[in-house]
file entry16.csv (CSV, C-alpha atoms and all ligand atoms)
chain,number,residue,atom,x,y,z
H,1,MET,CA,184.2,-79.0,33.9
H,2,SER,CA,182.9,-79.8,30.4
H,3,PRO,CA,179.6,-81.6,30.0
H,4,PRO,CA,179.8,-85.3,29.2
H,5,SER,CA,180.6,-85.8,25.6
H,6,LYS,CA,177.8,-86.7,23.2
H,7,LEU,CA,179.3,-90.2,22.9
H,8,VAL,CA,179.0,-90.8,26.6
H,9,ARG,CA,175.5,-89.5,26.7
H,10,VAL,CA,174.5,-91.9,23.9
H,11,ALA,CA,176.6,-94.9,25.2
H,12,ILE,CA,175.0,-95.0,28.6
H,13,PRO,CA,171.4,-95.3,27.5
H,14,LEU,CA,172.4,-97.7,24.8
H,15,GLY,CA,174.1,-100.0,27.4
H,16,VAL,CA,170.9,-100.0,29.4
H,17,LEU,CA,169.0,-100.8,26.2
H,18,VAL,CA,171.1,-103.8,25.3
H,19,VAL,CA,170.5,-105.4,28.7
H,20,GLY,CA,166.9,-104.2,28.8
H,21,GLY,CA,166.3,-105.5,25.3
H,22,LEU,CA,167.6,-109.0,26.2
H,23,VAL,CA,165.4,-109.1,29.3
H,24,GLY,CA,162.4,-107.7,27.3
H,25,ALA,CA,162.9,-110.4,24.6
H,26,THR,CA,162.3,-113.1,27.1
H,27,MET,CA,159.2,-111.5,28.5
H,28,MET,CA,156.8,-112.1,25.5
H,29,ASP,CA,155.4,-108.6,24.8
H,30,PRO,CA,152.7,-108.0,22.2
H,31,ARG,CA,153.7,-109.0,18.8
H,32,GLN,CA,152.4,-109.3,15.2
H,33,GLY,CA,149.1,-111.1,15.2
H,34,TYR,CA,148.3,-110.2,18.8
H,35,ALA,CA,144.5,-109.5,19.3
H,36,PRO,CA,143.5,-109.6,22.9
H,37,GLU,CA,139.9,-110.2,23.9
H,38,GLN,CA,138.3,-106.8,24.7
H,39,PRO,CA,135.7,-106.1,27.5
H,40,ILE,CA,133.2,-105.1,24.8
H,41,LEU,CA,133.2,-106.6,21.3
H,42,PHE,CA,133.8,-103.4,19.5
H,43,GLN,CA,134.1,-103.9,15.8
H,44,HIS,CA,135.7,-101.2,13.7
H,45,LYS,CA,134.0,-102.5,10.6
H,46,LYS,CA,130.6,-101.8,12.1
H,47,MET,CA,131.5,-98.2,12.8
H,48,ALA,CA,134.4,-96.9,10.7
H,49,ALA,CA,133.8,-98.8,7.4
H,50,MET,CA,131.7,-97.5,4.5
H,51,PRO,CA,128.0,-98.3,4.7
H,52,ASN,CA,126.8,-101.3,2.7
H,53,TRP,CA,123.0,-101.3,2.5
H,54,VAL,CA,121.3,-104.5,1.2
H,55,THR,CA,117.8,-105.8,1.2
H,56,ASP,CA,117.4,-108.8,3.4
H,57,ALA,CA,115.1,-111.9,2.8
H,58,ASN,CA,112.1,-110.0,4.4
H,59,GLY,CA,112.6,-107.0,2.1
H,60,LYS,CA,114.0,-104.9,4.9
H,61,GLU,CA,117.0,-102.5,4.3
H,62,VAL,CA,119.9,-103.5,6.5
H,63,ASN,CA,123.4,-102.1,6.7
H,64,LEU,CA,126.1,-104.8,6.6
H,65,GLY,CA,128.8,-102.2,6.7
H,66,GLY,CA,129.7,-99.4,9.0
H,67,TYR,CA,128.8,-95.7,9.4
H,68,ASP,CA,132.0,-94.2,8.0
H,69,ILE,CA,132.9,-92.6,11.3
H,70,PRO,CA,136.3,-90.9,10.9
H,71,CYS,CA,139.2,-92.3,12.9
H,72,MET,CA,139.8,-88.9,14.4
H,73,TYR,CA,136.3,-88.8,15.9
H,74,CYS,CA,137.4,-91.4,18.4
H,75,HIS,CA,141.2,-91.2,18.3
H,76,THR,CA,141.2,-87.5,18.8
H,77,MET,CA,144.9,-86.8,19.4
H,78,VAL,CA,146.4,-88.6,16.5
H,79,TYR,CA,147.3,-85.4,14.6
H,80,LYS,CA,148.1,-83.5,17.7
H,81,GLY,CA,150.1,-85.6,20.1
H,82,ARG,CA,152.3,-88.6,20.7
H,83,HIS,CA,149.4,-90.9,21.5
H,84,ALA,CA,146.3,-91.4,19.3
H,85,THR,CA,144.3,-92.0,22.5
H,86,LEU,CA,141.2,-94.1,23.0
H,87,PRO,CA,137.7,-92.6,23.2
H,88,SER,CA,136.0,-92.2,26.6
H,89,THR,CA,132.6,-93.8,27.1
H,90,ASP,CA,130.8,-90.5,26.7
H,91,ILE,CA,132.0,-90.4,23.1
H,92,CYS,CA,130.3,-93.7,22.5
H,93,MET,CA,127.2,-92.4,24.3
H,94,ASN,CA,126.9,-89.4,21.9
H,95,CYS,CA,125.3,-91.9,19.6
H,96,HIS,CA,124.4,-94.9,21.8
H,97,ARG,CA,122.1,-93.0,24.1
H,98,THR,CA,119.6,-93.4,21.2
H,99,VAL,CA,121.1,-95.9,18.8
H,100,GLY,CA,121.5,-99.7,18.9
H,101,GLN,CA,119.8,-100.1,22.3
H,102,ASP,CA,118.5,-103.5,21.2
H,103,LYS,CA,122.1,-104.8,20.7
H,104,GLU,CA,123.7,-107.1,23.3
H,105,TRP,CA,127.0,-105.2,23.5
H,106,VAL,CA,125.4,-101.8,23.5
H,107,LEU,CA,123.5,-102.9,26.6
H,108,VAL,CA,126.9,-103.9,28.2
H,109,LEU,CA,128.1,-100.4,27.2
H,110,ASN,CA,125.1,-98.9,29.0
H,111,GLY,CA,126.1,-100.7,32.1
H,112,TYR,CA,129.6,-99.1,32.2
H,113,TRP,CA,128.0,-95.7,31.5
H,114,GLU,CA,125.5,-96.0,34.3
H,115,ARG,CA,128.1,-97.2,36.8
H,116,GLY,CA,130.4,-94.3,35.7
H,117,GLU,CA,133.1,-96.9,35.2
H,118,PRO,CA,135.6,-96.5,32.4
H,119,ILE,CA,135.9,-99.4,29.9
H,120,ALA,CA,139.2,-101.1,30.6
H,121,TRP,CA,140.3,-101.6,26.9
H,122,ILE,CA,143.3,-103.8,26.7
H,123,LYS,CA,146.3,-102.3,24.8
H,124,VAL,CA,147.0,-104.0,21.6
H,125,HIS,CA,150.1,-102.1,20.4
H,126,ASP,CA,152.6,-101.4,23.2
H,127,LEU,CA,156.2,-100.5,22.4
H,128,PRO,CA,158.8,-100.8,25.2
H,129,ASP,CA,159.3,-97.6,27.2
H,130,PHE,CA,162.8,-97.1,25.8
H,131,VAL,CA,161.4,-96.4,22.4
H,132,TYR,CA,160.1,-92.9,21.5
H,133,PHE,CA,157.2,-92.7,19.0
H,134,ASP,CA,155.0,-89.8,18.1
H,135,HIS,CA,151.8,-90.1,16.0
H,136,SER,CA,151.5,-86.4,15.2
H,137,VAL,CA,155.0,-86.2,13.5
H,138,HIS,CA,154.1,-89.1,11.3
H,139,MET,CA,150.6,-88.0,10.4
H,140,ASN,CA,151.7,-84.4,9.6
H,141,SER,CA,154.7,-85.3,7.6
H,142,MET,CA,154.2,-84.1,4.0
H,143,SER,CA,156.1,-84.9,0.8
H,144,ASP,CA,157.3,-82.1,-1.5
H,145,GLU,CA,154.1,-82.6,-3.6
H,146,GLY,CA,152.1,-81.9,-0.5
H,147,ARG,CA,150.8,-85.4,0.1
H,148,ASN,CA,150.9,-87.2,3.5
H,149,LYS,CA,153.8,-89.5,3.6
H,150,VAL,CA,152.1,-92.1,5.8
H,151,ASP,CA,148.6,-93.1,6.7
H,152,CYS,CA,147.1,-95.2,9.5
H,153,VAL,CA,146.8,-98.2,7.1
H,154,ASP,CA,150.6,-98.2,6.5
H,155,CYS,CA,151.3,-99.2,10.1
H,156,HIS,CA,148.0,-100.6,11.4
H,157,GLY,CA,146.6,-102.3,8.3
H,158,ASP,CA,143.0,-102.2,7.3
H,159,VAL,CA,141.5,-101.5,10.7
H,160,GLU,CA,138.4,-99.9,9.2
H,161,ASN,CA,137.2,-103.2,7.8
H,162,SER,CA,138.4,-105.5,10.6
H,163,GLU,CA,136.4,-107.2,13.3
H,164,VAL,CA,139.1,-107.1,15.9
H,165,VAL,CA,142.3,-105.0,15.9
H,166,THR,CA,145.4,-107.1,15.5
H,167,ILE,CA,149.0,-106.1,15.2
H,168,GLU,CA,149.5,-106.2,11.5
H,169,ASN,CA,153.2,-105.5,11.3
H,170,PRO,CA,156.3,-106.5,13.2
H,171,PHE,CA,156.5,-103.2,15.1
H,172,ASN,CA,160.2,-103.9,15.8
H,173,MET,CA,163.3,-101.8,15.1
H,174,GLY,CA,163.9,-103.3,11.7
H,175,TRP,CA,160.4,-102.5,10.6
H,176,CYS,CA,160.6,-98.9,11.7
H,177,LEU,CA,164.0,-98.5,10.0
H,178,GLU,CA,162.9,-100.1,6.8
H,179,CYS,CA,160.4,-97.3,6.3
H,180,HIS,CA,162.7,-94.6,7.6
H,181,ARG,CA,165.4,-95.5,5.1
H,182,LYS,CA,163.2,-95.1,2.1
H,183,PRO,CA,164.4,-92.0,0.3
H,184,GLU,CA,160.9,-90.6,-0.2
H,185,MET,CA,160.3,-90.7,3.6
H,186,ALA,CA,163.4,-88.6,4.3
H,187,ALA,CA,163.0,-89.8,7.9
H,188,PRO,CA,165.8,-89.8,10.5
H,189,THR,CA,167.8,-93.0,11.4
H,190,ASP,CA,170.0,-91.8,14.2
H,191,CYS,CA,169.7,-94.0,17.3
H,192,VAL,CA,168.8,-91.0,19.5
H,193,VAL,CA,165.8,-90.2,17.5
H,194,CYS,CA,164.0,-93.2,18.7
H,195,HIS,CA,166.0,-93.8,21.9
H,196,ARG,CA,166.1,-90.5,23.7
H,201,LIG,C1,133.6,-95.1,17.2
H,201,LIG,C2,134.9,-95.0,17.7
H,201,LIG,C3,136.1,-95.5,16.9
H,201,LIG,C4,136.4,-95.1,15.5
H,201,LIG,C5,135.6,-94.3,14.6
H,201,LIG,C6,137.7,-95.7,15.3
H,201,LIG,N1,138.1,-96.4,16.4
H,201,LIG,FE1,139.9,-97.4,16.6
H,201,LIG,N2,139.4,-98.0,18.5
H,201,LIG,C7,138.2,-97.6,19.1
H,201,LIG,C8,138.2,-98.3,20.4
H,201,LIG,C9,137.0,-98.3,21.4
H,201,LIG,C10,139.3,-99.1,20.5
H,201,LIG,C11,139.8,-100.0,21.6
H,201,LIG,C12,139.2,-101.4,21.4
H,201,LIG,C13,140.0,-102.2,20.5
H,201,LIG,O1,141.2,-102.3,20.5
H,201,LIG,O2,139.3,-102.9,19.6
H,201,LIG,C14,140.1,-98.9,19.3
H,201,LIG,C15,141.3,-99.4,19.0
H,201,LIG,C16,142.1,-99.1,17.9
H,201,LIG,C17,143.5,-99.5,17.6
H,201,LIG,C18,144.3,-100.3,18.6
H,201,LIG,C19,144.7,-99.6,19.8
H,201,LIG,C20,145.7,-100.3,20.6
H,201,LIG,O3,145.4,-100.6,21.8
H,201,LIG,O4,146.8,-100.6,20.2
H,201,LIG,C21,143.9,-98.9,16.4
H,201,LIG,C22,145.2,-99.1,15.8
H,201,LIG,C23,142.8,-98.2,15.9
H,201,LIG,N3,141.7,-98.3,16.8
H,201,LIG,C24,142.8,-97.6,14.7
H,201,LIG,C25,141.7,-97.0,14.1
H,201,LIG,C26,141.6,-96.4,12.8
H,201,LIG,C27,142.8,-96.5,11.8
H,201,LIG,C28,140.4,-95.9,12.6
H,201,LIG,C29,139.8,-95.3,11.3
H,201,LIG,C30,139.8,-96.1,10.1
H,201,LIG,C31,139.6,-96.1,13.8
H,201,LIG,N4,140.4,-96.7,14.7
H,201,LIG,C32,138.3,-95.7,14.1
H,201,LIG,C33,137.3,-96.8,18.7
H,201,LIG,C34,137.2,-96.2,17.4
H,202,LIG,C1,128.7,-91.5,15.4
H,202,LIG,C2,127.8,-92.5,16.1
H,202,LIG,C3,128.4,-93.6,16.9
H,202,LIG,C4,129.4,-93.6,17.8
H,202,LIG,C5,130.2,-92.4,18.3
H,202,LIG,C6,129.6,-95.0,18.3
H,202,LIG,N1,128.7,-95.8,17.7
H,202,LIG,FE1,128.5,-97.8,18.0
H,202,LIG,N2,127.1,-97.9,16.6
H,202,LIG,C7,126.6,-96.8,15.9
H,202,LIG,C8,125.5,-97.2,15.0
H,202,LIG,C9,124.7,-96.4,14.0
H,202,LIG,C10,125.4,-98.6,15.2
H,202,LIG,C11,124.4,-99.6,14.5
H,202,LIG,C12,123.2,-99.7,15.4
H,202,LIG,C13,122.2,-100.7,14.9
H,202,LIG,O1,122.4,-101.4,13.9
H,202,LIG,O2,121.1,-100.7,15.5
H,202,LIG,C14,126.4,-99.0,16.2
H,202,LIG,C15,126.6,-100.3,16.7
H,202,LIG,C16,127.4,-100.6,17.8
H,202,LIG,C17,127.5,-101.9,18.4
H,202,LIG,C18,126.7,-103.1,18.0
H,202,LIG,C19,127.2,-103.9,16.8
H,202,LIG,C20,126.3,-105.0,16.4
H,202,LIG,O3,125.9,-105.0,15.3
H,202,LIG,O4,126.1,-105.9,17.3
H,202,LIG,C21,128.4,-101.8,19.4
H,202,LIG,C22,128.9,-102.9,20.3
H,202,LIG,C23,128.9,-100.5,19.4
H,202,LIG,N3,128.3,-99.8,18.4
H,202,LIG,C24,129.8,-100.0,20.3
H,202,LIG,C25,130.3,-98.7,20.3
H,202,LIG,C26,131.3,-98.2,21.2
H,202,LIG,C27,132.0,-99.1,22.3
H,202,LIG,C28,131.6,-96.9,20.9
H,202,LIG,C29,132.6,-96.0,21.5
H,202,LIG,C30,133.9,-96.4,21.5
H,202,LIG,C31,130.7,-96.6,19.8
H,202,LIG,N4,129.9,-97.7,19.5
H,202,LIG,C32,130.5,-95.3,19.2
H,202,LIG,C33,127.0,-95.5,16.0
H,202,LIG,C34,128.0,-95.0,16.8
H,203,LIG,C1,154.2,-94.8,11.4
H,203,LIG,C2,153.4,-95.8,12.0
H,203,LIG,C3,152.0,-95.4,12.5
H,203,LIG,C4,151.0,-94.7,11.9
H,203,LIG,C5,151.0,-94.1,10.5
H,203,LIG,C6,149.9,-94.7,12.8
H,203,LIG,N1,150.2,-95.4,14.0
H,203,LIG,FE1,149.0,-95.7,15.6
H,203,LIG,N2,150.5,-96.6,16.6
H,203,LIG,C7,151.8,-96.8,16.1
H,203,LIG,C8,152.6,-97.3,17.1
H,203,LIG,C9,154.1,-97.6,17.0
H,203,LIG,C10,151.8,-97.4,18.3
H,203,LIG,C11,152.2,-97.9,19.6
H,203,LIG,C12,152.7,-96.8,20.5
H,203,LIG,C13,153.2,-97.1,21.8
H,203,LIG,O1,153.1,-98.3,22.3
H,203,LIG,O2,153.7,-96.2,22.5
H,203,LIG,C14,150.5,-97.0,17.9
H,203,LIG,C15,149.4,-97.0,18.7
H,203,LIG,C16,148.1,-96.6,18.3
H,203,LIG,C17,146.9,-96.6,19.2
H,203,LIG,C18,146.9,-97.1,20.6
H,203,LIG,C19,146.8,-95.9,21.6
H,203,LIG,C20,148.0,-95.0,21.5
H,203,LIG,O3,147.8,-93.8,21.2
H,203,LIG,O4,149.1,-95.5,21.7
H,203,LIG,C21,145.9,-96.1,18.5
H,203,LIG,C22,144.4,-95.9,18.9
H,203,LIG,C23,146.4,-95.8,17.2
H,203,LIG,N3,147.7,-96.1,17.1
H,203,LIG,C24,145.6,-95.3,16.1
H,203,LIG,C25,146.1,-94.8,14.9
H,203,LIG,C26,145.3,-94.0,13.9
H,203,LIG,C27,143.8,-93.7,14.1
H,203,LIG,C28,146.2,-93.7,12.9
H,203,LIG,C29,145.9,-92.8,11.7
H,203,LIG,C30,145.1,-91.6,11.9
H,203,LIG,C31,147.5,-94.2,13.3
H,203,LIG,N4,147.4,-94.8,14.5
H,203,LIG,C32,148.7,-94.1,12.5
H,203,LIG,C33,152.2,-96.5,14.8
H,203,LIG,C34,151.5,-95.8,13.8
H,204,LIG,C1,155.6,-96.2,6.9
H,204,LIG,C2,156.7,-95.4,7.3
H,204,LIG,C3,157.2,-95.2,8.7
H,204,LIG,C4,157.2,-96.2,9.7
H,204,LIG,C5,156.8,-97.6,9.6
H,204,LIG,C6,157.8,-95.6,10.9
H,204,LIG,N1,158.1,-94.3,10.6
H,204,LIG,FE1,158.9,-92.9,12.0
H,204,LIG,N2,158.9,-91.5,10.5
H,204,LIG,C7,158.3,-91.6,9.3
H,204,LIG,C8,158.3,-90.3,8.6
H,204,LIG,C9,157.8,-90.0,7.2
H,204,LIG,C10,158.8,-89.4,9.6
H,204,LIG,C11,158.9,-87.9,9.5
H,204,LIG,C12,160.0,-87.4,8.5
H,204,LIG,C13,159.9,-85.9,8.5
H,204,LIG,O1,159.0,-85.4,7.9
H,204,LIG,O2,160.7,-85.3,9.2
H,204,LIG,C14,159.2,-90.2,10.8
H,204,LIG,C15,159.7,-89.6,11.9
H,204,LIG,C16,160.0,-90.3,13.1
H,204,LIG,C17,160.5,-89.7,14.3
H,204,LIG,C18,161.1,-88.3,14.4
H,204,LIG,C19,160.1,-87.6,15.3
H,204,LIG,C20,160.6,-86.2,15.6
H,204,LIG,O3,160.3,-85.8,16.8
H,204,LIG,O4,161.3,-85.6,14.8
H,204,LIG,C21,160.6,-90.7,15.2
H,204,LIG,C22,161.1,-90.6,16.6
H,204,LIG,C23,160.0,-91.9,14.6
H,204,LIG,N3,159.6,-91.6,13.3
H,204,LIG,C24,159.9,-93.1,15.3
H,204,LIG,C25,159.4,-94.3,14.6
H,204,LIG,C26,159.3,-95.6,15.3
H,204,LIG,C27,159.8,-95.8,16.7
H,204,LIG,C28,158.8,-96.4,14.4
H,204,LIG,C29,158.4,-97.9,14.6
H,204,LIG,C30,157.7,-98.3,15.8
H,204,LIG,C31,158.5,-95.7,13.2
H,204,LIG,N4,158.9,-94.4,13.4
H,204,LIG,C32,157.9,-96.2,12.1
H,204,LIG,C33,157.9,-92.8,8.7
H,204,LIG,C34,157.7,-94.0,9.3
H,205,LIG,C1,163.1,-95.5,13.8
H,205,LIG,C2,163.3,-95.8,15.2
H,205,LIG,C3,164.5,-96.5,15.7
H,205,LIG,C4,165.9,-96.1,15.4
H,205,LIG,C5,166.3,-95.0,14.5
H,205,LIG,C6,166.7,-97.0,16.2
H,205,LIG,N1,165.9,-97.9,17.0
H,205,LIG,FE1,166.6,-99.3,18.3
H,205,LIG,N2,164.7,-99.9,18.6
H,205,LIG,C7,163.5,-99.4,18.0
H,205,LIG,C8,162.4,-100.1,18.4
H,205,LIG,C9,161.0,-99.9,17.9
H,205,LIG,C10,162.9,-101.1,19.3
H,205,LIG,C11,162.0,-102.1,20.1
H,205,LIG,C12,162.1,-103.4,19.4
H,205,LIG,C13,161.2,-104.5,19.9
H,205,LIG,O1,160.5,-104.3,20.9
H,205,LIG,O2,161.2,-105.5,19.2
H,205,LIG,C14,164.3,-100.9,19.4
H,205,LIG,C15,165.1,-101.7,20.2
H,205,LIG,C16,166.5,-101.5,20.4
H,205,LIG,C17,167.3,-102.3,21.3
H,205,LIG,C18,166.9,-103.4,22.2
H,205,LIG,C19,167.2,-104.7,21.6
H,205,LIG,C20,166.2,-105.2,20.6
H,205,LIG,O3,166.6,-105.4,19.4
H,205,LIG,O4,165.0,-105.3,20.9
H,205,LIG,C21,168.6,-101.8,21.1
H,205,LIG,C22,169.8,-102.3,21.8
H,205,LIG,C23,168.5,-100.7,20.1
H,205,LIG,N3,167.2,-100.6,19.7
H,205,LIG,C24,169.6,-100.0,19.7
H,205,LIG,C25,169.6,-99.1,18.7
H,205,LIG,C26,170.8,-98.5,18.1
H,205,LIG,C27,172.2,-98.7,18.5
H,205,LIG,C28,170.4,-97.6,17.1
H,205,LIG,C29,171.2,-96.7,16.2
H,205,LIG,C30,172.1,-97.5,15.3
H,205,LIG,C31,168.9,-97.7,17.1
H,205,LIG,N4,168.5,-98.6,18.0
H,205,LIG,C32,168.1,-96.9,16.3
H,205,LIG,C33,163.5,-98.3,17.1
H,205,LIG,C34,164.6,-97.6,16.7
call {"tool": "encode", "arguments": {"input": "entry16.csv", "output": "structure tokens", "more": "lines below"}}
Ligand code: HEC
Ligand code: HEC
Ligand code: HEC
Ligand code: HEC
Ligand code: HEC
result
Amino acid sequence: MSPPSKLVRVAIPLGVLVVGGLVGATMMDPRQGYAPEQPILFQHKKMAAMPNWVTDANGKEVNLGGYDIPCMYCHTMVYKGRHATLPSTDICMNCHRTVGQDKEWVLVLNGYWERGEPIAWIKVHDLPDFVYFDHSVHMNSMSDEGRNKVDCVDCHGDVENSEVVTIENPFNMGWCLECHRKPEMAAPTDCVVCHR
């Protein structure tokens, strides 16, 4: 017996998709502008942004910016796997065992650490399960001139200078395809690439 034709193998999952998509659309999943309240007020701009030292009214040097911590320090898998991953509390405690111990939210952080309880960060971006996405493929894709074709900012906006992470782009099929169709991206557009 011959294996099912390619058309059948594609048609079945797509049938499921159409129904699933209609149900999904009525369920209000995360969309552009979504910025859930997190268990700890973690502000990227106080950590990932460039430092901005100024002298305050009392003549004291204060940093209004961040500490230029690279994205990769906390999102360790972004060049290596499908998921960028979130940092575990011990990554925070590499610094916070000694730093910021007079700050309200750092004290809350201590509490999680002492209880051995993971911080239940709420997912901001969350594609439906029938969509395949892989960070590493995007981050490692190079143009002929040897430049990265995409950067975090192209999809996530200026996280580095933001107070809370929001969904900055539509993150729907049209948006993915709009970029994939650009000639300089040379990215695939077959249905099965994203729906496998
Ligand atoms: C010191 C650690 C740290 C650094 C550095 C860091 N992040 Fe994060 N990031 C986090 C934590 C913790 C969360 C979860 C809380 C939240 O969503 O605000 C997060 C959340 C995110 C999210 C949303 C995740 C989701 O649920 O969808 C994105 C996107 C993101 N970071 C991108 C970046 C980018 C881009 C950089 C570099 C410019 C960066 N981060 C640097 C710790 C970090
Ligand atoms: C590489 C070192 C480093 C890492 C890793 C790090 N931080 Fe920080 N964080 C700092 C420094 C430095 C400050 C500023 C402390 C100060 O101003 O006294 C800070 C400040 C903070 C503040 C207080 C902001 C304010 O001004 O009120 C919070 C909350 C915080 N960090 C949470 C986290 C969390 C959560 C993680 C892990 C996801 C983390 N940090 C990882 C270095 C780090
Ligand atoms: C081509 C677009 C694109 C680029 C570039 C990109 N991301 Fe993402 N990111 C996504 C999508 C799509 C999701 C949601 C994935 C899901 O729900 O399965 C996501 C989710 C995340 C999350 C949530 C946790 C996870 O792994 O799903 C973090 C954190 C994150 N991205 C960080 C980053 C960082 C840091 C960079 C740059 C080093 C980056 N992203 C570059 C599209 C992108
Ligand atoms: C800003 C541009 C951009 C956006 C937005 C984007 N992509 Fe891509 N995508 C690329 C590039 C570039 C490649 C890699 C092309 C190459 O080098 O082969 C790629 C490749 C892929 C691949 C192929 C992976 C593999 O295993 O070969 C998948 C799957 C994919 N993207 C899914 C998505 C999905 C799903 C979204 C939307 C949530 C998305 N992309 C948004 C630029 C983008
Ligand atoms: C570059 C990635 C990508 C490619 C290629 C792609 N899709 Fe999608 N598709 C998505 C994403 C992302 C969603 C989720 C949309 C959402 O949640 O709003 C989706 C959702 C869907 C849905 C659910 C209904 C809806 O609109 O939400 C159907 C049906 C679908 N795709 C069919 C297809 C078909 C047929 C093709 C080929 C012609 C295709 N897709 C190619 C990324 C892709």
call {"tool": "closest_atom_pairs", "arguments": {"input": "entry16.csv", "of": "chain H", "to": "ligand LIG 205 (chain H)", "cutoff": "6 Å", "atoms": "all atoms listed in the file", "output": "Markdown table"}}
result
| residue | atom | partner | partner_atom | distance |
| --- | --- | --- | --- | --- |
| H:Leu17 | CA | H:LIG205 | C22 | 4.7 |
| H:Val18 | CA | H:LIG205 | C22 | 4.0 |
| H:Gly21 | CA | H:LIG205 | C18 | 3.8 |
| H:Leu127 | CA | H:LIG205 | O1 | 5.9 |
| H:Pro128 | CA | H:LIG205 | O1 | 5.8 |
| H:Val131 | CA | H:LIG205 | C8 | 5.5 |
| H:Asn172 | CA | H:LIG205 | O2 | 3.9 |
| H:Met173 | CA | H:LIG205 | C7 | 3.8 |
| H:Cys176 | CA | H:LIG205 | C1 | 4.7 |
| H:Leu177 | CA | H:LIG205 | C1 | 4.9 |
| H:Thr189 | CA | H:LIG205 | C5 | 4.0 |
| H:Asp190 | CA | H:LIG205 | C5 | 4.9 |
| H:Cys191 | CA | H:LIG205 | C29 | 3.3 |
| H:Val193 | CA | H:LIG205 | C5 | 5.7 |
| H:Cys194 | CA | H:LIG205 | C2 | 4.4 |
call {"tool": "residues_around", "arguments": {"input": "entry16.csv", "residues": "region 149-159 of chain H", "least_positions_apart": "6", "cutoff": "7 Å", "atoms": "only C-alpha atoms", "output": "PyMOL selection string"}}
result
chain H and resi 44+138-139+141-143+165+167-169+185
call {"tool": "atom_distance", "arguments": {"input": "entry16.csv", "atom1": "atom C15 of ligand LIG 201 (chain H)", "atom2": "CA of Glu163 (chain H)"}}
result
10.8 Å
call {"tool": "residues_near_ligand", "arguments": {"input": "entry16.csv", "ligand": "ligand LIG 202 (chain H)", "cutoff": "8 Å", "atoms": "all atoms listed in the file", "output": "PDB file with C-alpha atoms, keeping the file's coordinate frame"}}
result
ATOM      1  CA  ILE H  40     133.200-105.100  24.800  1.00  0.00           C
ATOM      2  CA  LEU H  41     133.200-106.600  21.300  1.00  0.00           C
ATOM      3  CA  PHE H  42     133.800-103.400  19.500  1.00  0.00           C
ATOM      4  CA  GLN H  43     134.100-103.900  15.800  1.00  0.00           C
ATOM      5  CA  LYS H  46     130.600-101.800  12.100  1.00  0.00           C
ATOM      6  CA  MET H  47     131.500 -98.200  12.800  1.00  0.00           C
ATOM      7  CA  ASN H  63     123.400-102.100   6.700  1.00  0.00           C
ATOM      8  CA  GLY H  66     129.700 -99.400   9.000  1.00  0.00           C
ATOM      9  CA  TYR H  67     128.800 -95.700   9.400  1.00  0.00           C
ATOM     10  CA  ILE H  69     132.900 -92.600  11.300  1.00  0.00           C
ATOM     11  CA  TYR H  73     136.300 -88.800  15.900  1.00  0.00           C
ATOM     12  CA  CYS H  74     137.400 -91.400  18.400  1.00  0.00           C
ATOM     13  CA  LEU H  86     141.200 -94.100  23.000  1.00  0.00           C
ATOM     14  CA  PRO H  87     137.700 -92.600  23.200  1.00  0.00           C
ATOM     15  CA  SER H  88     136.000 -92.200  26.600  1.00  0.00           C
ATOM     16  CA  THR H  89     132.600 -93.800  27.100  1.00  0.00           C
ATOM     17  CA  ASP H  90     130.800 -90.500  26.700  1.00  0.00           C
ATOM     18  CA  ILE H  91     132.000 -90.400  23.100  1.00  0.00           C
ATOM     19  CA  CYS H  92     130.300 -93.700  22.500  1.00  0.00           C
ATOM     20  CA  MET H  93     127.200 -92.400  24.300  1.00  0.00           C
ATOM     21  CA  ASN H  94     126.900 -89.400  21.900  1.00  0.00           C
ATOM     22  CA  CYS H  95     125.300 -91.900  19.600  1.00  0.00           C
ATOM     23  CA  HIS H  96     124.400 -94.900  21.800  1.00  0.00           C
ATOM     24  CA  VAL H  99     121.100 -95.900  18.800  1.00  0.00           C
ATOM     25  CA  GLY H 100     121.500 -99.700  18.900  1.00  0.00           C
ATOM     26  CA  GLN H 101     119.800-100.100  22.300  1.00  0.00           C
ATOM     27  CA  ASP H 102     118.500-103.500  21.200  1.00  0.00           C
ATOM     28  CA  LYS H 103     122.100-104.800  20.700  1.00  0.00           C
ATOM     29  CA  GLU H 104     123.700-107.100  23.300  1.00  0.00           C
ATOM     30  CA  TRP H 105     127.000-105.200  23.500  1.00  0.00           C
ATOM     31  CA  VAL H 106     125.400-101.800  23.500  1.00  0.00           C
ATOM     32  CA  LEU H 109     128.100-100.400  27.200  1.00  0.00           C
TER      33      LEU H 109
END
call {"tool": "closest_residue", "arguments": {"input": "entry16.csv", "among": "H:Glu178, H:Asp129, H:Asp134, H:Glu37", "to": "ligand LIG 201 (chain H)", "atoms": "only C-alpha atoms and all ligand atoms"}}
result
H:Glu37
call {"tool": "atom_distance", "arguments": {"input": "entry16.csv", "atom1": "CA of Trp121 (chain H)", "atom2": "atom C24 of ligand LIG 201 (chain H)"}}
result
13.1 Å
call {"tool": "atom_distance", "arguments": {"input": "entry16.csv", "atom1": "atom C14 of ligand LIG 201 (chain H)", "atom2": "CA of Pro36 (chain H)"}}
result
11.8 Å
call {"tool": "residues_near_point", "arguments": {"input": "entry16.csv", "point": "(134.4, -99.8, 6.0)", "cutoff": "6 Å", "atoms": "all atoms listed in the file", "output": "ChimeraX atom specification"}}
result
/H:45,48-50,66,160-161
call {"tool": "closest_residue", "arguments": {"input": "entry16.csv", "among": "H:Ala84, H:Ala57, H:Val192, H:Val124", "to": "ligand LIG 204 (chain H)", "atoms": "all atoms listed in the file"}}
result
H:Val192
call {"tool": "closest_residue", "arguments": {"input": "entry16.csv", "among": "H:Val54, H:Ala187, H:Ile119, H:Met72", "to": "ligand LIG 203 (chain H)", "atoms": "all atoms listed in the file"}}
result
H:Met72
